Each structure stands twice: as structure tokens, then as C-alpha cells.
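S.K.: Right, I'll just put the structure down here and ask away after.
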Amino acid sequence: MALSCAAVCCRLSVALYGIRTDGVTVIYSSFTATSGARLPLYRHYSSPKSRLGIGLQIVSRLQGANAKYELFLQRYFPRFYVLYHTFTKGIQLLFQDAKKVTVIKTRMLTNSVKVQDLPYRDMEKLRQFRRDMIKAIPLLLISIPPFANYLVFVLMYLFPRQLLIRHFWTPQQQTEFQGVNHSHRAQHHWAVLKGLERAGSHVKDGRLKISLLDLCNKVQSGVHPNISDIQAIRGLFSGAPLSIKRINANQMRQLCPLFFLTPRLPTPMIGTRLNSHAIELLQLDRALSRHGLHQLDDSELRQACYVRGLDSGSLSINQCREWLSQWLQFSSHLKESEVSLLVHSMVLLSANYPKPSHQ
């Protein structure tokens, strides 16, 4: 019995060979049931380094194909190439902003930081990203039904200012669309001033009433007011008849376009939204004062002026810096109960700036 088992063991041999070449391991198994029969089995395994190399090769080939495709579009379809390049660049910028917002939100939750305590750039990033997402929602809803994405592309091409967010605008479009949006905003300046003048006629304090009416007349006649002119009437805007929640419904609706808000809502909702945006702007001003005006680059400076009601695209950088410095000098002393003055100052301080040369 022992001899029989030994004979079987002698005839059964198992050989395992591990051969590693170029990052690939080949395992060869040879089972010998008898001296004349072999059953070879081969198995190939890829190392992580080898798989990484293959992945890099695929990515490199895709990048090469994409570069050739872009070159083809640029040569034969230059107008479509501009749209294509703007769209792909916009996707990258949008994801970068989403990543930054996620980091800011995480830091706020982890460190129990309130919005008003954030650094200026973080606060501005949250404000702008929220507005971008609100604007993008209608287009996303339109694209949900099957085959509706083709309609979306047509609408995006025909109405880029109304439907697309700033990430998908060309630099020329950004300048052009900001100018158009400001012109729509400026159309309401006269109505805001007339409403302020009518409200001023109901002021009981004689001195404040005269100061307010003189200020309205000055702006309507094309004069850019001094900061002291606005600070002199500050006390009127914390209660009736000029606080955000006390002004009449028509005046509220005339103020909505200053923040690019729709006036086609119930009056209580309009007042709540105006108050919310005004407080947010005041918090931005405080954060900017802490941050330092000198730390803003040119694009940030122009954007800050534009948000506060100024047509910054038509002004020089020095003019923008001068105007924003005056604005912060005035807004840094305001309380949240006086934000109505902040909103009206978007007209008072921007309607006639820069000052005429004869002044």
C-alpha cells in the first residue's frame, strides 16, 4: 500500500513558475498525472503600475484626439469653435466654483462660522454661486424631457444673456451683457428718485425734509452728491416712511431691478427679498472693509462696483476705486435697520458718476 502511494506521488508532480516581465506576472502550472500527460494552465495578472500606464496611454490618446478635433473646428468652423471652447471652459469653471463652495460650506460647519464672519472672497463666492444656480434651474427643468436637450442648445444660442450663467459667456459677452443689464437697471433710476421725493414730502422733521428734497433735486439735475449729503438724511431710513418695510409697494417694485429681482410678486414677499439682499450687501461691505480695498484685483474691483449699482465697464480702474472707497466710507457706519438708505444709495451715488468736469 505504501509502495503504491509512493508510485502515485512520483508520477504526480506539480510545478509552479512565476515569471515577471515588463510588469506582467505569468504563472505557469504543470500537473502531471502520468509521465506522458501534461495539462498546462496559463494565467496573466496585471500589476497596478502596469494598469496605471495603460490608463495614462488612453488618456493621452483621448487628449490628442480632442486636440485634433478642436483644431479641425477652429479651422473649418471658427464660430462654432468659439461656442464649443466657451462651453467646455465654462464647465471647468463651474466645477471649480462648486468645489470652492463645498470647501467653504464644510469649513463653516466644522468651525461653526457664520456667513457674516466669512472673509470677503468667500462671502462673495457664496453669493454669486447661489445666484448662478437660481438662474440655471429653469434651463435644467426644460432639459428634463426626452430630446429636449436639442431645444436647450437652440435656446442657449439664441438667448445667452437670459439663459446662460456667466461661466458660459465669452469675455466680450460678459462686457456687453453687463452693460445691457445695467441699462435696464438704470431705467428705474428716475422712478426711484421721484418716489423718494414723494415720500420726503411726508417727513415731519422740517430740517430732514429739506435735506432730502434738496438731495433729490440735486441728483435729478445731474449733480453727483457728496457722502455728507447722504449721511445728513440717514435718520429717515430706519422707520416710517422710508424703511424697507414701510415704503409703499410701488417704490419697492422700482427698487427690485437694482438687485435684478422680479417685481411680479406679492408685496410682502418683495419687501422680504429686498431686505434680505440689502442686508447681504451690507455684510459684504463690512467684509470688504476688513479685507482691504487695495487687495482687490481689477476684475474684482469692477465686479464690486457693478454689484452696488455702478456701470463699472464704462469707467477706468481709478474711477472705480475712488467710487468704491466713497461707498465703503458711507456704508461702514450703517446699521441693519438702515439698509433702505443703502438700497436708495445705489441710485443716489451711481446715477451721475463720474462728476462732470466743470464741478
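Labels used: A, B, ... for chains in the order of the C-alpha cells, numbers from 1 for residues in each chain, and numbers from 1 for ligands as shown.
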Hey, what's within 12 Å of Leu296 of chain A if we count only C-alpha atoms and toss same-chain stuff fewer than 3 positions away? As an NGL selection string, please?

M.R.: :A and (120-121 or 288-289 or 291-293 or 299-305 or 317 or 320-321 or 324)

S.K.: Among the residues of segment 89-269 of chain A, find those DSSP assigns to alpha helix (DSSP H) from the backbone and print them as an NGL selection string.

M.R.: :A and (89-111 or 120-142 or 148-158 or 160-163 or 171-186 or 189-200 or 206-220 or 227-231 or 249-255 or 267-269)

S.K.: Take the residues from that selection and write them out as a compact mmCIF listing (two decimals), in the first residue's frame, keeping C-alpha atoms.

M.R.:
```
# COMPACT_ATOMS: atom_id res chain seq x y z
CA LYS A 89 -14.20 76.21 -20.36
CA GLY A 90 -17.46 77.12 -18.61
CA ILE A 91 -17.95 73.55 -17.40
CA GLN A 92 -14.46 73.61 -15.88
CA LEU A 93 -15.06 76.96 -14.17
CA LEU A 94 -18.44 75.82 -12.85
CA PHE A 95 -16.96 72.69 -11.29
CA GLN A 96 -14.14 74.74 -9.79
CA ASP A 97 -16.67 77.10 -8.21
CA ALA A 98 -18.73 74.17 -6.92
CA LYS A 99 -15.62 72.69 -5.34
CA LYS A 100 -14.72 76.00 -3.69
CA VAL A 101 -18.26 76.44 -2.36
CA THR A 102 -18.15 72.92 -0.92
CA VAL A 103 -14.90 73.72 0.87
CA ILE A 104 -16.34 76.97 2.25
CA LYS A 105 -19.54 75.26 3.44
CA THR A 106 -17.54 72.46 5.06
CA ARG A 107 -15.32 74.93 6.87
CA MET A 108 -18.38 76.85 8.08
CA LEU A 109 -19.92 73.68 9.53
CA THR A 110 -16.68 72.42 11.03
CA ASN A 111 -15.66 75.69 12.67
CA TYR A 120 -14.85 88.80 1.70
CA ARG A 121 -13.91 86.48 -1.17
CA ASP A 122 -15.67 83.50 0.43
CA MET A 123 -18.81 85.53 1.09
CA GLU A 124 -18.85 86.88 -2.47
CA LYS A 125 -18.29 83.38 -3.88
CA LEU A 126 -21.31 82.02 -1.98
CA ARG A 127 -23.49 84.95 -3.06
CA GLN A 128 -22.58 84.70 -6.73
CA PHE A 129 -22.78 80.90 -6.89
CA ARG A 130 -26.25 80.92 -5.36
CA ARG A 131 -27.45 83.46 -7.94
CA ASP A 132 -25.90 81.40 -10.75
CA MET A 133 -27.67 78.24 -9.62
CA ILE A 134 -31.03 80.02 -9.31
CA LYS A 135 -30.64 81.29 -12.86
CA ALA A 136 -29.66 77.84 -14.17
CA ILE A 137 -32.65 75.98 -12.65
CA PRO A 138 -35.21 76.89 -15.39
CA LEU A 139 -32.86 75.68 -18.13
CA LEU A 140 -32.26 72.41 -16.26
CA LEU A 141 -36.00 71.86 -15.91
CA ILE A 142 -36.53 72.44 -19.64
CA ALA A 148 -35.40 68.38 -25.03
CA ASN A 149 -31.64 68.94 -24.89
CA TYR A 150 -31.72 69.90 -28.58
CA LEU A 151 -34.20 72.66 -27.77
CA VAL A 152 -31.97 73.75 -24.89
CA PHE A 153 -28.98 74.20 -27.20
CA VAL A 154 -31.08 76.33 -29.56
CA LEU A 155 -32.32 78.48 -26.67
CA MET A 156 -28.79 78.84 -25.31
CA TYR A 157 -27.60 80.04 -28.71
CA LEU A 158 -30.50 82.48 -29.20
CA PRO A 160 -27.36 83.57 -23.98
CA ARG A 161 -27.83 86.63 -21.74
CA GLN A 162 -31.17 85.50 -20.37
CA LEU A 163 -30.50 81.76 -20.02
CA PRO A 171 -15.21 87.82 -22.39
CA GLN A 172 -16.86 90.05 -25.00
CA GLN A 173 -20.30 88.84 -23.97
CA GLN A 174 -19.57 89.46 -20.29
CA THR A 175 -18.77 93.10 -21.01
CA GLU A 176 -21.70 93.52 -23.39
CA PHE A 177 -24.27 91.78 -21.15
CA GLN A 178 -23.24 93.70 -18.05
CA GLY A 179 -23.76 96.92 -19.99
CA VAL A 180 -27.20 95.79 -21.16
CA ASN A 181 -28.23 94.67 -17.67
CA HIS A 182 -27.09 97.96 -16.18
CA SER A 183 -29.03 99.95 -18.79
CA HIS A 184 -32.19 98.07 -17.75
CA ARG A 185 -31.39 98.83 -14.13
CA ALA A 186 -30.74 102.50 -14.87
CA HIS A 189 -33.40 105.47 -11.51
CA TRP A 190 -35.80 108.32 -12.29
CA ALA A 191 -38.78 106.46 -10.82
CA VAL A 192 -36.82 105.68 -7.64
CA LEU A 193 -35.85 109.34 -7.23
CA LYS A 194 -39.42 110.55 -7.79
CA GLY A 195 -40.72 108.00 -5.29
CA LEU A 196 -38.12 109.12 -2.77
CA GLU A 197 -39.16 112.72 -3.35
CA ARG A 198 -42.84 111.89 -2.80
CA ALA A 199 -42.01 110.03 0.41
CA GLY A 200 -39.94 113.01 1.55
CA GLY A 206 -38.54 120.14 8.72
CA ARG A 207 -34.74 120.04 8.59
CA LEU A 208 -34.55 116.42 7.39
CA LYS A 209 -37.35 117.06 4.90
CA ILE A 210 -35.46 119.97 3.31
CA SER A 211 -32.22 117.95 3.21
CA LEU A 212 -33.93 115.02 1.48
CA LEU A 213 -35.75 117.16 -1.10
CA ASP A 214 -32.57 119.12 -1.85
CA LEU A 215 -30.69 115.84 -2.36
CA CYS A 216 -33.32 114.51 -4.76
CA ASN A 217 -33.33 117.77 -6.75
CA LYS A 218 -29.55 117.75 -6.91
CA VAL A 219 -29.39 114.21 -8.33
CA GLN A 220 -32.25 114.84 -10.76
CA ILE A 227 -21.23 111.49 1.07
CA SER A 228 -22.10 114.14 3.67
CA ASP A 229 -25.35 114.89 1.77
CA ILE A 230 -26.46 111.28 2.19
CA GLN A 231 -25.29 110.93 5.77
CA ALA A 249 -45.48 98.92 -2.84
CA ASN A 250 -44.70 100.88 -6.00
CA GLN A 251 -41.38 102.09 -4.60
CA MET A 252 -40.49 98.51 -3.63
CA ARG A 253 -41.13 97.36 -7.20
CA GLN A 254 -38.96 100.15 -8.59
CA LEU A 255 -36.11 99.08 -6.29
CA THR A 267 -45.74 93.00 -1.83
CA PRO A 268 -44.78 91.23 1.46
CA MET A 269 -42.54 88.83 -0.46
```

S.K.: I'd like to know which of A:Leu83, A:Met346, A:Leu315, A:Val307 is closest to Phe330 of chain A, using only C-alpha atoms.

M.R.: A:Met346

S.K.: Calculate how many Å separate atom CA of Asn275 of chain A from atom CA of Val115 of chain A, rounding to one decimal.

M.R.: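 Computing it gives 16.2 Å between the two atoms.
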
S.K.: For Trp323 of chain A, find every residue with an atom within 9 Å (counting only C-alpha atoms), except residues of its own chain fewer than 6 positions away, and show them as a ChimeraX atom specification.

M.R.: /A:305,310,349-350,353-354

S.K.: Considering only C-alpha atoms, return as a PyMOL selection string whatever protein or nucleic-acid residues lie within 9 Å of Arg234 of chain A, sequence-local ones (same chain, fewer than 2 positions apart) excluded.

M.R.: chain A and resi 230-232+236-238+334+338+341
